[in-house]
$ cat coords-v5.txt   # compact mmCIF, C-alpha atoms
# COMPACT_ATOMS: atom_id res chain seq x y z
CA MET S 1 23.12 4.76 14.25
CA VAL S 2 25.42 3.91 11.31
CA VAL S 3 24.55 0.92 9.14
CA ARG S 4 27.12 -0.51 6.74
CA VAL S 5 25.69 -3.21 4.54
CA LYS S 6 25.74 -4.38 0.97
CA LEU S 7 22.49 -4.10 -0.98
CA GLY S 8 22.18 -6.83 -3.57
CA PHE S 9 19.71 -9.18 -5.17
CA VAL S 10 18.15 -12.13 -3.44
CA ALA S 11 18.93 -15.32 -5.31
CA GLY S 12 16.24 -16.34 -7.75
CA GLY S 13 14.88 -13.02 -8.91
CA ASP S 14 15.66 -9.68 -10.48
CA TRP S 15 12.56 -7.67 -9.48
CA LEU S 16 12.97 -4.58 -7.35
CA HIS S 17 11.20 -6.31 -4.47
CA ASP S 18 13.95 -8.93 -4.62
CA TYR S 19 16.54 -6.45 -3.46
CA ASP S 20 17.84 -7.64 -0.14
CA LEU S 21 16.37 -5.11 2.27
CA SER S 22 16.76 -7.38 5.27
CA PHE S 23 19.20 -4.96 6.89
CA LEU S 24 16.12 -2.82 7.61
CA ASP S 25 14.51 -5.75 9.44
CA ARG S 26 16.25 -4.80 12.67
CA PRO S 27 14.29 -4.62 15.95
CA GLU S 28 15.45 -1.07 16.62
CA VAL S 29 14.05 0.02 13.24
CA LEU S 30 10.96 -2.19 13.00
CA ARG S 31 9.56 -1.08 16.36
CA PHE S 32 9.19 2.42 14.92
CA ILE S 33 7.70 1.27 11.61
CA PHE S 34 5.08 -1.32 12.57
CA TYR S 35 2.36 -1.08 15.23
CA PRO S 36 0.59 -4.46 14.94
CA ARG S 37 -2.76 -5.04 16.61
CA ARG S 38 -4.50 -8.37 17.09
CA ASP S 39 -8.04 -7.00 16.93
CA PHE S 40 -9.94 -8.31 13.90
CA GLY S 41 -13.17 -6.34 14.14
CA ALA S 42 -16.75 -7.29 14.86
CA GLY S 43 -17.03 -10.07 12.32
CA GLY S 44 -18.32 -8.25 9.28
CA GLY S 45 -17.42 -9.42 5.80
CA ILE S 46 -15.79 -12.71 4.88
CA THR S 47 -12.49 -13.74 6.45
CA VAL S 48 -9.95 -14.98 3.90
CA MET S 49 -6.64 -16.55 4.95
CA VAL S 50 -3.68 -16.38 2.58
CA ASP S 51 -0.63 -18.64 2.75
CA VAL S 52 2.42 -16.41 2.35
CA GLY S 53 5.13 -19.00 3.00
CA GLU S 54 7.24 -20.12 5.94
CA GLY S 55 4.13 -21.65 7.51
CA VAL S 56 2.59 -18.19 7.93
CA ARG S 57 -0.94 -17.17 6.93
CA VAL S 58 -2.14 -13.60 6.56
CA GLY S 59 -5.73 -12.69 7.34
CA CYS S 60 -7.82 -10.58 4.96
CA ARG S 61 -11.42 -9.39 4.98
CA PHE S 62 -13.64 -9.41 1.89
CA TYR S 63 -16.73 -7.23 1.64
CA PRO S 64 -18.75 -8.09 -1.49
CA CYS S 65 -21.16 -5.51 -2.87
CA GLY S 66 -23.63 -8.21 -3.90
CA ARG S 67 -23.32 -7.66 -7.61
CA SER S 68 -20.69 -7.53 -10.32
CA GLY S 69 -18.65 -4.36 -10.05
CA PRO S 70 -15.10 -3.09 -9.63
CA SER S 71 -13.04 -4.76 -6.89
CA ILE S 72 -10.41 -2.98 -4.81
CA LEU S 73 -7.52 -4.73 -3.08
CA TYR S 74 -6.87 -2.38 -0.16
CA PHE S 75 -3.71 -2.26 1.98
CA HIS S 76 -4.45 -0.35 5.19
CA GLY S 77 -2.32 2.02 7.21
CA ASN S 78 -0.17 1.32 10.23
CA GLY S 79 -1.90 0.65 13.53
CA GLU S 80 -5.02 -0.54 11.69
CA THR S 81 -6.37 -4.00 10.96
CA ALA S 82 -8.60 -5.37 8.23
CA GLY S 83 -11.40 -5.66 10.78
CA ASP S 84 -11.41 -1.88 11.25
CA TYR S 85 -13.05 -1.72 7.83
CA ASP S 86 -16.19 -3.50 9.01
CA HIS S 87 -17.60 -0.02 9.58
CA VAL S 88 -16.03 1.59 6.51
CA SER S 89 -16.91 -1.08 3.95
CA PRO S 90 -20.56 0.02 3.44
CA PHE S 91 -19.29 3.27 1.92
CA PHE S 92 -17.64 1.14 -0.77
CA THR S 93 -20.15 -1.67 -1.20
CA GLY S 94 -23.02 0.80 -1.24
CA ARG S 95 -21.42 2.30 -4.34
CA GLY S 96 -21.15 -1.07 -6.08
CA ILE S 97 -17.48 -1.66 -5.18
CA ASN S 98 -16.19 -4.97 -3.78
CA LEU S 99 -13.60 -4.32 -1.06
CA PHE S 100 -10.81 -6.77 -0.14
CA VAL S 101 -8.72 -5.51 2.82
CA ALA S 102 -5.38 -7.17 3.49
CA ASP S 103 -3.60 -7.35 6.83
CA TYR S 104 0.14 -7.79 7.38
CA ARG S 105 2.04 -10.34 9.42
CA GLY S 106 1.32 -9.86 13.11
CA TYR S 107 -1.86 -7.85 12.44
CA GLY S 108 -5.40 -9.06 13.09
CA VAL S 109 -5.42 -12.87 12.96
CA SER S 110 -2.25 -13.08 10.85
CA GLY S 111 0.71 -15.12 11.97
CA GLY S 112 4.35 -14.11 11.97
CA VAL S 113 6.11 -10.84 12.67
CA PRO S 114 5.96 -7.84 10.31
CA THR S 115 9.15 -6.82 8.50
CA ILE S 116 9.99 -4.65 5.51
CA THR S 117 10.86 -7.77 3.55
CA SER S 118 7.55 -9.52 4.29
CA LEU S 119 5.55 -6.34 3.64
CA LEU S 120 6.70 -6.43 0.01
CA ARG S 121 6.86 -10.16 -0.64
CA ASP S 122 3.58 -11.14 0.99
CA ALA S 123 1.73 -8.70 -1.25
CA HIS S 124 2.20 -11.06 -4.22
CA PRO S 125 0.34 -14.12 -2.84
CA VAL S 126 -2.28 -11.75 -1.41
CA PHE S 127 -2.84 -10.38 -4.93
CA GLU S 128 -3.26 -13.89 -6.31
CA LYS S 129 -5.89 -14.68 -3.66
CA PHE S 130 -7.63 -11.36 -4.31
CA LYS S 131 -7.98 -12.19 -8.01
CA GLU S 132 -9.40 -15.60 -7.15
CA VAL S 133 -11.97 -14.19 -4.71
CA ALA S 134 -12.94 -11.27 -6.97
CA ALA S 135 -13.49 -13.62 -9.91
CA ARG S 136 -16.28 -15.35 -7.99
CA GLU S 137 -18.18 -12.06 -7.84
CA GLY S 138 -18.29 -11.64 -11.61
CA GLU S 139 -16.28 -9.97 -14.32
CA GLY S 140 -15.62 -6.67 -12.55
CA SER S 141 -12.37 -4.77 -13.02
CA LEU S 142 -9.52 -4.94 -10.50
CA PHE S 143 -7.98 -1.98 -8.69
CA ILE S 144 -5.24 -1.69 -6.08
CA MET S 145 -5.26 0.86 -3.27
CA GLY S 146 -2.85 1.58 -0.44
CA ARG S 147 -3.12 3.97 2.49
CA SER S 148 0.01 5.32 4.22
CA LEU S 149 2.18 2.24 4.97
CA GLY S 150 -0.09 0.36 2.56
CA SER S 151 1.22 2.48 -0.31
CA VAL S 152 4.37 0.33 -0.26
CA PRO S 153 2.74 -3.04 -1.14
CA ALA S 154 0.16 -1.30 -3.36
CA ILE S 155 2.75 0.35 -5.61
CA GLU S 156 4.84 -2.82 -5.52
CA LEU S 157 1.94 -4.75 -7.05
CA ALA S 158 0.99 -2.04 -9.53
CA TYR S 159 4.60 -2.04 -10.73
CA HIS S 160 4.54 -5.78 -11.41
CA TYR S 161 0.94 -6.46 -12.43
CA GLN S 162 -0.26 -3.31 -14.14
CA ASP S 163 -1.48 -5.31 -17.12
CA GLU S 164 -3.92 -7.10 -14.80
CA ILE S 165 -5.43 -4.06 -13.10
CA LYS S 166 -7.42 -1.05 -14.25
CA GLY S 167 -6.09 1.49 -11.80
CA LEU S 168 -3.98 2.40 -8.77
CA ILE S 169 -5.13 4.54 -5.83
CA VAL S 170 -2.57 5.87 -3.33
CA GLU S 171 -3.78 7.60 -0.18
CA SER S 172 -1.42 9.39 2.21
CA GLY S 173 1.42 7.59 0.46
CA VAL S 174 5.16 7.98 0.71
CA ALA S 175 7.37 8.69 -2.31
CA ASN S 176 10.86 8.33 -0.84
CA THR S 177 10.01 5.07 0.87
CA PHE S 178 13.19 3.82 2.50
CA THR S 179 15.26 6.99 2.68
CA LEU S 180 12.36 8.76 4.42
CA LEU S 181 12.21 5.94 6.96
CA LEU S 182 15.95 6.03 7.48
CA ASP S 183 15.96 9.79 8.00
CA LEU S 184 12.93 9.62 10.27
CA PHE S 185 14.56 7.08 12.58
CA GLY S 186 18.10 8.41 12.41
CA VAL S 187 19.62 5.48 10.51
CA ARG S 188 22.62 6.71 8.51
CA VAL S 189 23.93 4.76 5.52
CA ARG S 190 26.63 5.28 2.93
CA GLU S 191 25.68 7.46 -0.06
CA ASN S 192 26.01 4.64 -2.60
CA LEU S 193 23.62 2.50 -0.54
CA ARG S 194 21.25 5.42 -0.29
CA ARG S 195 21.12 5.66 -4.07
CA ARG S 196 20.35 1.96 -4.38
CA LEU S 197 17.55 2.29 -1.85
CA GLU S 198 16.07 5.07 -3.93
CA GLU S 199 15.91 2.62 -6.85
CA ALA S 200 13.55 0.44 -4.76
CA SER S 201 11.36 3.34 -3.58
CA ASN S 202 7.73 4.04 -4.37
CA LYS S 203 8.84 7.04 -6.41
CA ALA S 204 11.07 4.91 -8.62
CA LYS S 205 8.46 2.19 -9.12
CA ILE S 206 5.57 4.52 -9.90
CA ARG S 207 7.52 5.97 -12.83
CA LYS S 208 7.00 2.63 -14.55
CA VAL S 209 3.29 2.36 -13.71
CA LYS S 210 1.23 3.36 -16.75
CA THR S 211 -2.19 2.35 -15.43
CA PRO S 212 -4.55 5.22 -14.44
CA THR S 213 -3.55 6.56 -11.03
CA LEU S 214 -5.33 8.57 -8.32
CA ILE S 215 -3.24 10.20 -5.57
CA ILE S 216 -5.15 11.29 -2.44
CA HIS S 217 -3.50 13.23 0.38
CA ALA S 218 -4.31 15.54 3.30
CA GLU S 219 -3.15 19.12 2.87
CA ASN S 220 -1.86 19.36 6.46
CA ASP S 221 -0.52 15.82 6.88
CA THR S 222 1.94 16.01 9.79
CA LEU S 223 3.13 12.41 9.43
CA ILE S 224 3.73 12.10 5.69
CA PRO S 225 3.97 15.62 4.24
CA VAL S 226 1.90 16.56 1.20
CA SER S 227 5.18 17.05 -0.69
CA GLU S 228 5.40 13.24 -0.85
CA ALA S 229 2.07 13.14 -2.72
CA LEU S 230 3.30 15.80 -5.12
CA GLU S 231 6.42 13.74 -5.83
CA LEU S 232 4.37 10.62 -6.46
CA TYR S 233 2.10 12.53 -8.83
CA GLU S 234 4.96 14.18 -10.69
CA ASN S 235 6.83 10.88 -11.04
CA SER S 236 3.79 8.80 -12.01
CA GLY S 237 4.18 7.25 -15.44
CA ALA S 238 0.42 7.25 -16.04
CA GLU S 239 -1.05 9.42 -18.77
CA GLU S 240 -4.32 9.48 -16.86
CA LYS S 241 -3.48 10.62 -13.36
CA GLU S 242 -5.23 12.76 -10.81
CA LEU S 243 -4.15 14.50 -7.60
CA PHE S 244 -6.83 14.99 -4.92
CA ILE S 245 -5.60 17.15 -2.02
CA ILE S 246 -8.06 17.51 0.88
CA PRO S 247 -7.87 21.03 2.34
CA GLY S 248 -7.58 21.35 6.12
CA ALA S 249 -7.15 17.60 6.67
CA ASP S 250 -4.41 15.73 8.56
CA HIS S 251 -3.18 12.16 8.21
CA ASN S 252 -5.78 10.49 10.42
CA ASN S 253 -8.86 12.68 9.86
CA LEU S 254 -8.75 12.76 6.07
CA TRP S 255 -12.00 10.79 5.65
CA MET S 256 -13.90 12.89 8.17
CA VAL S 257 -12.83 16.19 6.66
CA ALA S 258 -13.49 15.10 3.07
CA GLY S 259 -16.75 13.34 3.90
CA GLU S 260 -18.74 12.12 0.91
CA LYS S 261 -16.27 13.70 -1.51
CA TYR S 262 -13.68 11.09 -0.55
CA TYR S 263 -15.87 8.12 -1.50
CA GLN S 264 -17.33 9.90 -4.51
CA LYS S 265 -13.83 10.44 -5.88
CA ILE S 266 -12.98 6.75 -5.52
CA GLU S 267 -16.29 5.70 -7.07
CA GLU S 268 -15.84 8.06 -10.02
CA PHE S 269 -12.28 6.85 -10.57
CA THR S 270 -13.14 3.14 -10.51
CA LYS S 271 -16.26 3.47 -12.62
CA ARG S 272 -14.47 5.63 -15.19
CA HIS S 273 -11.68 3.10 -15.68
CA MET S 274 -13.62 -0.19 -15.48

$ encode --input "coords-v5.txt" --output "structure tokens"
Amino acid sequence: MVVRVKLGFVAGGDWLHDYDLSFLDRPEVLRFIFYPRRDFGAGGGITVMVDVGEGVRVGCRFYPCGRSGPSILYFHGNGETAGDYDHVSPFFTGRGINLFVADYRGYGVSGGVPTITSLLRDAHPVFEKFKEVAAREGEGSLFIMGRSLGSVPAIELAYHYQDEIKGLIVESGVANTFTLLLDLFGVRVRENLRRRLEEASNKAKIRKVKTPTLIIHAENDTLIPVSEALELYENSGAEEKELFIIPGADHNNLWMVAGEKYYQKIEEFTKRHM
């Protein structure tokens, strides 16, 4: 597939997320990128709906720890929903961490259809709602975390709001965001467009992120190779940064292989940078 388009700015903004990436919002591309599910879990936590524009609301799930502590805005991986974290949340809340898990359009109880454009833009109103909800729990520090696909909105927010957060956590994240997707799905573009896409990648944005950063990745990740984690770490602009590679783990069994060490690492990171 050959795509010939012009990459420019959307009227009204000059942020990287305002690059017009709508040419990626093609059915033949999106069906390989997003795997939305309508399941929203067993009803644990507090459901929070966020207006993201165009008459669309995105569903999120908030799991308070019951006391003032650090709060994590968490963007999950593909094929997951916020409700999947009903069973995971106790590992966070039990360590004194408030967990706010955000869905995407078309996932869980969210309206709309997921696209690359909405993945980036919706993250901003979600962040505003997260701050509002977290503030009710006390004066705890704010952190942003993204797993796999969720690394895209997570780094987007860290790039723009690093003065408002205490740290960024990226798990199983991608460095070469759009070019990796294009290569993976056989979409060929002109070289000058490819360079512009690299300017909007996670790797480019994380160079500007100075807030403390933790990169977590599985050693044997067969979906997003560990080399992507190394690139994110090497390009991170943070003075305080850490790379946590989990030996013997793959993309979807990372938590099971790491066990308690996974949650301990996150707890240590958040408590150290509160």

$ atom_distance --input "coords-v5.txt" --atom1 "atom CA of S:Arg67" --atom2 "atom CA of S:Phe143"
16.4 Å

$ closest_atom_pairs --input "coords-v5.txt" --of "stretch 213-250 of chain S" --to "stretch 151-158 of chain S" --cutoff "12 Å" --atoms "all atoms listed in the file" --output "CSV"
residue,atom,partner,partner_atom,distance
S:Thr213,CA,S:Ala158,CA,9.8
S:Leu214,CA,S:Ile155,CA,11.8
S:Ile215,CA,S:Ser151,CA,10.4
S:Ile216,CA,S:Ser151,CA,11.1
S:His217,CA,S:Ser151,CA,11.8
S:Ile224,CA,S:Ser151,CA,11.6
S:Glu228,CA,S:Ser151,CA,11.6
S:Ala229,CA,S:Ser151,CA,11.0
S:Leu232,CA,S:Ile155,CA,10.4
S:Ser236,CA,S:Ile155,CA,10.7
S:Gly237,CA,S:Ala158,CA,11.5
S:Ala238,CA,S:Ala158,CA,11.4

$ atom_distance --input "coords-v5.txt" --atom1 "atom CA of S:Asn202" --atom2 "atom CA of S:Val174"
6.9 Å

$ atom_distance --input "coords-v5.txt" --atom1 "atom CA of S:Ala82" --atom2 "atom CA of S:Gly94"
18.3 Å

$ residues_around --input "coords-v5.txt" --residues "S:Glu139" --least-positions-apart "3" --cutoff "8 Å" --atoms "all atoms listed in the file" --output "ChimeraX atom specification"
/S:68-69,135

$ residues_near_point --input "coords-v5.txt" --point "(9.1, 2.0, -10.9)" --cutoff "9 Å" --atoms "all atoms listed in the file" --output "list in words"
Leu16, Ile155, Glu156, Tyr159, Glu199, Ala200, Ser201, Asn202, Lys203, Ala204, Lys205, Ile206, Arg207, Lys208, Val209, Ser236 and Gly237 of chain S

$ closest_residue --input "coords-v5.txt" --among "S:Asp103, S:Glu260, S:Glu28, S:Asp51" --to "S:Leu149" --atoms "only C-alpha atoms"
S:Asp103

$ residues_around --input "coords-v5.txt" --residues "S:Phe244" --least-positions-apart "4" --cutoff "12 Å" --atoms "all atoms listed in the file" --output "mmCIF file with C-alpha atoms, keeping the file's coordinate frame"
data_model
loop_
_atom_site.group_PDB
_atom_site.id
_atom_site.type_symbol
_atom_site.label_atom_id
_atom_site.label_comp_id
_atom_site.auth_asym_id
_atom_site.auth_seq_id
_atom_site.Cartn_x
_atom_site.Cartn_y
_atom_site.Cartn_z
ATOM 1 C CA ILE S 169 -5.130 4.540 -5.830
ATOM 2 C CA VAL S 170 -2.570 5.870 -3.330
ATOM 3 C CA GLU S 171 -3.780 7.600 -0.180
ATOM 4 C CA SER S 172 -1.420 9.390 2.210
ATOM 5 C CA THR S 213 -3.550 6.560 -11.030
ATOM 6 C CA LEU S 214 -5.330 8.570 -8.320
ATOM 7 C CA ILE S 215 -3.240 10.200 -5.570
ATOM 8 C CA ILE S 216 -5.150 11.290 -2.440
ATOM 9 C CA HIS S 217 -3.500 13.230 0.380
ATOM 10 C CA ALA S 218 -4.310 15.540 3.300
ATOM 11 C CA GLU S 219 -3.150 19.120 2.870
ATOM 12 C CA VAL S 226 1.900 16.560 1.200
ATOM 13 C CA ALA S 229 2.070 13.140 -2.720
ATOM 14 C CA LEU S 230 3.300 15.800 -5.120
ATOM 15 C CA TYR S 233 2.100 12.530 -8.830
ATOM 16 C CA ALA S 249 -7.150 17.600 6.670
ATOM 17 C CA LEU S 254 -8.750 12.760 6.070
ATOM 18 C CA ALA S 258 -13.490 15.100 3.070
ATOM 19 C CA LYS S 261 -16.270 13.700 -1.510
ATOM 20 C CA TYR S 262 -13.680 11.090 -0.550
ATOM 21 C CA TYR S 263 -15.870 8.120 -1.500
ATOM 22 C CA GLN S 264 -17.330 9.900 -4.510
ATOM 23 C CA LYS S 265 -13.830 10.440 -5.880
ATOM 24 C CA ILE S 266 -12.980 6.750 -5.520
ATOM 25 C CA PHE S 269 -12.280 6.850 -10.570
#

$ closest_residue --input "coords-v5.txt" --among "S:Thr211, S:Ala175, S:Ser118, S:Phe23" --to "S:Asn235" --atoms "only C-alpha atoms"
S:Ala175

$ residues_near_point --input "coords-v5.txt" --point "(11.7, 3.9, 1.1)" --cutoff "7 Å" --atoms "all atoms listed in the file" --output "VMD selection string"
chain S and resid 176 to 181 197 to 198 201 to 202

$ closest_residue --input "coords-v5.txt" --among "S:Leu119, S:Val52, S:Ile165, S:Val257" --to "S:Met145" --atoms "only C-alpha atoms"
S:Ile165

$ closest_residue --input "coords-v5.txt" --among "S:Arg121, S:His87, S:Arg26, S:Arg95" --to "S:Glu54" --atoms "all atoms listed in the file"
S:Arg121

$ residues_around --input "coords-v5.txt" --residues "S:Gly45" --least-positions-apart "5" --cutoff "8 Å" --atoms "all atoms listed in the file" --output "PDB file with C-alpha atoms, in the coordinates of the input"
ATOM      1  CA  ARG S  61     -11.420  -9.390   4.980  1.00  0.00           C
ATOM      2  CA  PHE S  62     -13.640  -9.410   1.890  1.00  0.00           C
ATOM      3  CA  TYR S  63     -16.730  -7.230   1.640  1.00  0.00           C
ATOM      4  CA  PRO S  64     -18.750  -8.090  -1.490  1.00  0.00           C
ATOM      5  CA  ASP S  86     -16.190  -3.500   9.010  1.00  0.00           C
TER       6      ASP S  86
END

$ closest_residue --input "coords-v5.txt" --among "S:Arg196, S:Arg57, S:Lys210, S:His76" --to "S:Gly112" --atoms "only C-alpha atoms"
S:Arg57

$ residues_around --input "coords-v5.txt" --residues "S:Thr81" --least-positions-apart "3" --cutoff "10 Å" --atoms "all atoms listed in the file" --output "PyMOL selection string"
chain S and resi 36-41+59-61+75-78+84-85+101-104+106-110

$ write_last_selection --input "coords-v5.txt" --atoms "C-alpha atoms" --output "PDB file, keeping the file's coordinate frame"
ATOM      1  CA  PRO S  36       0.590  -4.460  14.940  1.00  0.00           C
ATOM      2  CA  ARG S  37      -2.760  -5.040  16.610  1.00  0.00           C
ATOM      3  CA  ARG S  38      -4.500  -8.370  17.090  1.00  0.00           C
ATOM      4  CA  ASP S  39      -8.040  -7.000  16.930  1.00  0.00           C
ATOM      5  CA  PHE S  40      -9.940  -8.310  13.900  1.00  0.00           C
ATOM      6  CA  GLY S  41     -13.170  -6.340  14.140  1.00  0.00           C
ATOM      7  CA  GLY S  59      -5.730 -12.690   7.340  1.00  0.00           C
ATOM      8  CA  CYS S  60      -7.820 -10.580   4.960  1.00  0.00           C
ATOM      9  CA  ARG S  61     -11.420  -9.390   4.980  1.00  0.00           C
ATOM     10  CA  PHE S  75      -3.710  -2.260   1.980  1.00  0.00           C
ATOM     11  CA  HIS S  76      -4.450  -0.350   5.190  1.00  0.00           C
ATOM     12  CA  GLY S  77      -2.320   2.020   7.210  1.00  0.00           C
ATOM     13  CA  ASN S  78      -0.170   1.320  10.230  1.00  0.00           C
ATOM     14  CA  ASP S  84     -11.410  -1.880  11.250  1.00  0.00           C
ATOM     15  CA  TYR S  85     -13.050  -1.720   7.830  1.00  0.00           C
ATOM     16  CA  VAL S 101      -8.720  -5.510   2.820  1.00  0.00           C
ATOM     17  CA  ALA S 102      -5.380  -7.170   3.490  1.00  0.00           C
ATOM     18  CA  ASP S 103      -3.600  -7.350   6.830  1.00  0.00           C
ATOM     19  CA  TYR S 104       0.140  -7.790   7.380  1.00  0.00           C
ATOM     20  CA  GLY S 106       1.320  -9.860  13.110  1.00  0.00           C
ATOM     21  CA  TYR S 107      -1.860  -7.850  12.440  1.00  0.00           C
ATOM     22  CA  GLY S 108      -5.400  -9.060  13.090  1.00  0.00           C
ATOM     23  CA  VAL S 109      -5.420 -12.870  12.960  1.00  0.00           C
ATOM     24  CA  SER S 110      -2.250 -13.080  10.850  1.00  0.00           C
TER      25      SER S 110
END

$ axis_aligned_box --input "coords-v5.txt" --around "stretch 106-125 of chain S" --padding-each-side "6 Å" --output "JSON"
{"center_x": 2.7, "center_y": -9.9, "center_z": 4.4, "size_x": 28.3, "size_y": 22.5, "size_z": 29.3}

$ decode --input "coords-v5.txt" --residues "stretch 74-81 of chain S" --atoms "all heavy atoms" --output "PDB file, in the first residue's frame"
ATOM      1  N   TYR S  74      -3.448   5.811  34.281  1.00  0.00           N
ATOM      2  CA  TYR S  74      -2.945   4.626  33.578  1.00  0.00           C
ATOM      3  C   TYR S  74      -3.689   4.425  32.255  1.00  0.00           C
ATOM      4  O   TYR S  74      -4.922   4.315  32.239  1.00  0.00           O
ATOM      5  CB  TYR S  74      -3.140   3.407  34.476  1.00  0.00           C
ATOM      6  CG  TYR S  74      -2.547   2.106  33.973  1.00  0.00           C
ATOM      7  CD1 TYR S  74      -1.363   1.613  34.495  1.00  0.00           C
ATOM      8  CD2 TYR S  74      -3.191   1.361  33.001  1.00  0.00           C
ATOM      9  CE1 TYR S  74      -0.826   0.405  34.062  1.00  0.00           C
ATOM     10  CE2 TYR S  74      -2.675   0.158  32.550  1.00  0.00           C
ATOM     11  CZ  TYR S  74      -1.490  -0.322  33.089  1.00  0.00           C
ATOM     12  OH  TYR S  74      -0.972  -1.508  32.643  1.00  0.00           O
ATOM     13  N   PHE S  75      -2.936   4.376  31.156  1.00  0.00           N
ATOM     14  CA  PHE S  75      -3.499   4.068  29.842  1.00  0.00           C
ATOM     15  C   PHE S  75      -3.142   2.623  29.507  1.00  0.00           C
ATOM     16  O   PHE S  75      -1.957   2.277  29.383  1.00  0.00           O
ATOM     17  CB  PHE S  75      -2.944   5.022  28.781  1.00  0.00           C
ATOM     18  CG  PHE S  75      -3.408   6.446  28.950  1.00  0.00           C
ATOM     19  CD1 PHE S  75      -2.623   7.363  29.632  1.00  0.00           C
ATOM     20  CD2 PHE S  75      -4.626   6.863  28.436  1.00  0.00           C
ATOM     21  CE1 PHE S  75      -3.044   8.683  29.796  1.00  0.00           C
ATOM     22  CE2 PHE S  75      -5.058   8.171  28.589  1.00  0.00           C
ATOM     23  CZ  PHE S  75      -4.262   9.081  29.275  1.00  0.00           C
ATOM     24  N   HIS S  76      -4.166   1.782  29.355  1.00  0.00           N
ATOM     25  CA  HIS S  76      -3.938   0.343  29.198  1.00  0.00           C
ATOM     26  C   HIS S  76      -3.528  -0.034  27.780  1.00  0.00           C
ATOM     27  O   HIS S  76      -3.521   0.779  26.856  1.00  0.00           O
ATOM     28  CB  HIS S  76      -5.184  -0.432  29.627  1.00  0.00           C
ATOM     29  CG  HIS S  76      -6.408  -0.137  28.792  1.00  0.00           C
ATOM     30  ND1 HIS S  76      -6.526  -0.494  27.478  1.00  0.00           N
ATOM     31  CD2 HIS S  76      -7.582   0.475  29.125  1.00  0.00           C
ATOM     32  CE1 HIS S  76      -7.708  -0.136  27.024  1.00  0.00           C
ATOM     33  NE2 HIS S  76      -8.375   0.467  28.002  1.00  0.00           N
ATOM     34  N   GLY S  77      -3.214  -1.306  27.614  1.00  0.00           N
ATOM     35  CA  GLY S  77      -2.802  -1.830  26.317  1.00  0.00           C
ATOM     36  C   GLY S  77      -3.981  -2.161  25.426  1.00  0.00           C
ATOM     37  O   GLY S  77      -5.145  -2.106  25.838  1.00  0.00           O
ATOM     38  N   ASN S  78      -3.676  -2.545  24.215  1.00  0.00           N
ATOM     39  CA  ASN S  78      -4.701  -2.881  23.231  1.00  0.00           C
ATOM     40  C   ASN S  78      -5.405  -4.179  23.640  1.00  0.00           C
ATOM     41  O   ASN S  78      -4.826  -5.045  24.280  1.00  0.00           O
ATOM     42  CB  ASN S  78      -4.048  -3.065  21.851  1.00  0.00           C
ATOM     43  CG  ASN S  78      -4.998  -2.726  20.738  1.00  0.00           C
ATOM     44  OD1 ASN S  78      -6.209  -2.577  20.954  1.00  0.00           O
ATOM     45  ND2 ASN S  78      -4.481  -2.601  19.537  1.00  0.00           N
ATOM     46  N   GLY S  79      -6.672  -4.274  23.293  1.00  0.00           N
ATOM     47  CA  GLY S  79      -7.431  -5.469  23.620  1.00  0.00           C
ATOM     48  C   GLY S  79      -7.858  -5.540  25.074  1.00  0.00           C
ATOM     49  O   GLY S  79      -8.474  -6.522  25.489  1.00  0.00           O
ATOM     50  N   GLU S  80      -7.511  -4.516  25.874  1.00  0.00           N
ATOM     51  CA  GLU S  80      -7.905  -4.472  27.279  1.00  0.00           C
ATOM     52  C   GLU S  80      -8.991  -3.412  27.447  1.00  0.00           C
ATOM     53  O   GLU S  80      -9.258  -2.630  26.541  1.00  0.00           O
ATOM     54  CB  GLU S  80      -6.697  -4.121  28.163  1.00  0.00           C
ATOM     55  CG  GLU S  80      -5.536  -5.083  28.050  1.00  0.00           C
ATOM     56  CD  GLU S  80      -4.315  -4.620  28.827  1.00  0.00           C
ATOM     57  OE1 GLU S  80      -4.371  -3.551  29.483  1.00  0.00           O
ATOM     58  OE2 GLU S  80      -3.285  -5.324  28.788  1.00  0.00           O
ATOM     59  N   THR S  81      -9.595  -3.413  28.634  1.00  0.00           N
ATOM     60  CA  THR S  81     -10.510  -2.336  29.006  1.00  0.00           C
ATOM     61  C   THR S  81     -10.176  -1.907  30.431  1.00  0.00           C
ATOM     62  O   THR S  81      -9.486  -2.623  31.167  1.00  0.00           O
ATOM     63  CB  THR S  81     -11.996  -2.751  28.955  1.00  0.00           C
ATOM     64  OG1 THR S  81     -12.274  -3.653  30.036  1.00  0.00           O
ATOM     65  CG2 THR S  81     -12.344  -3.386  27.622  1.00  0.00           C
TER      66      THR S  81
END
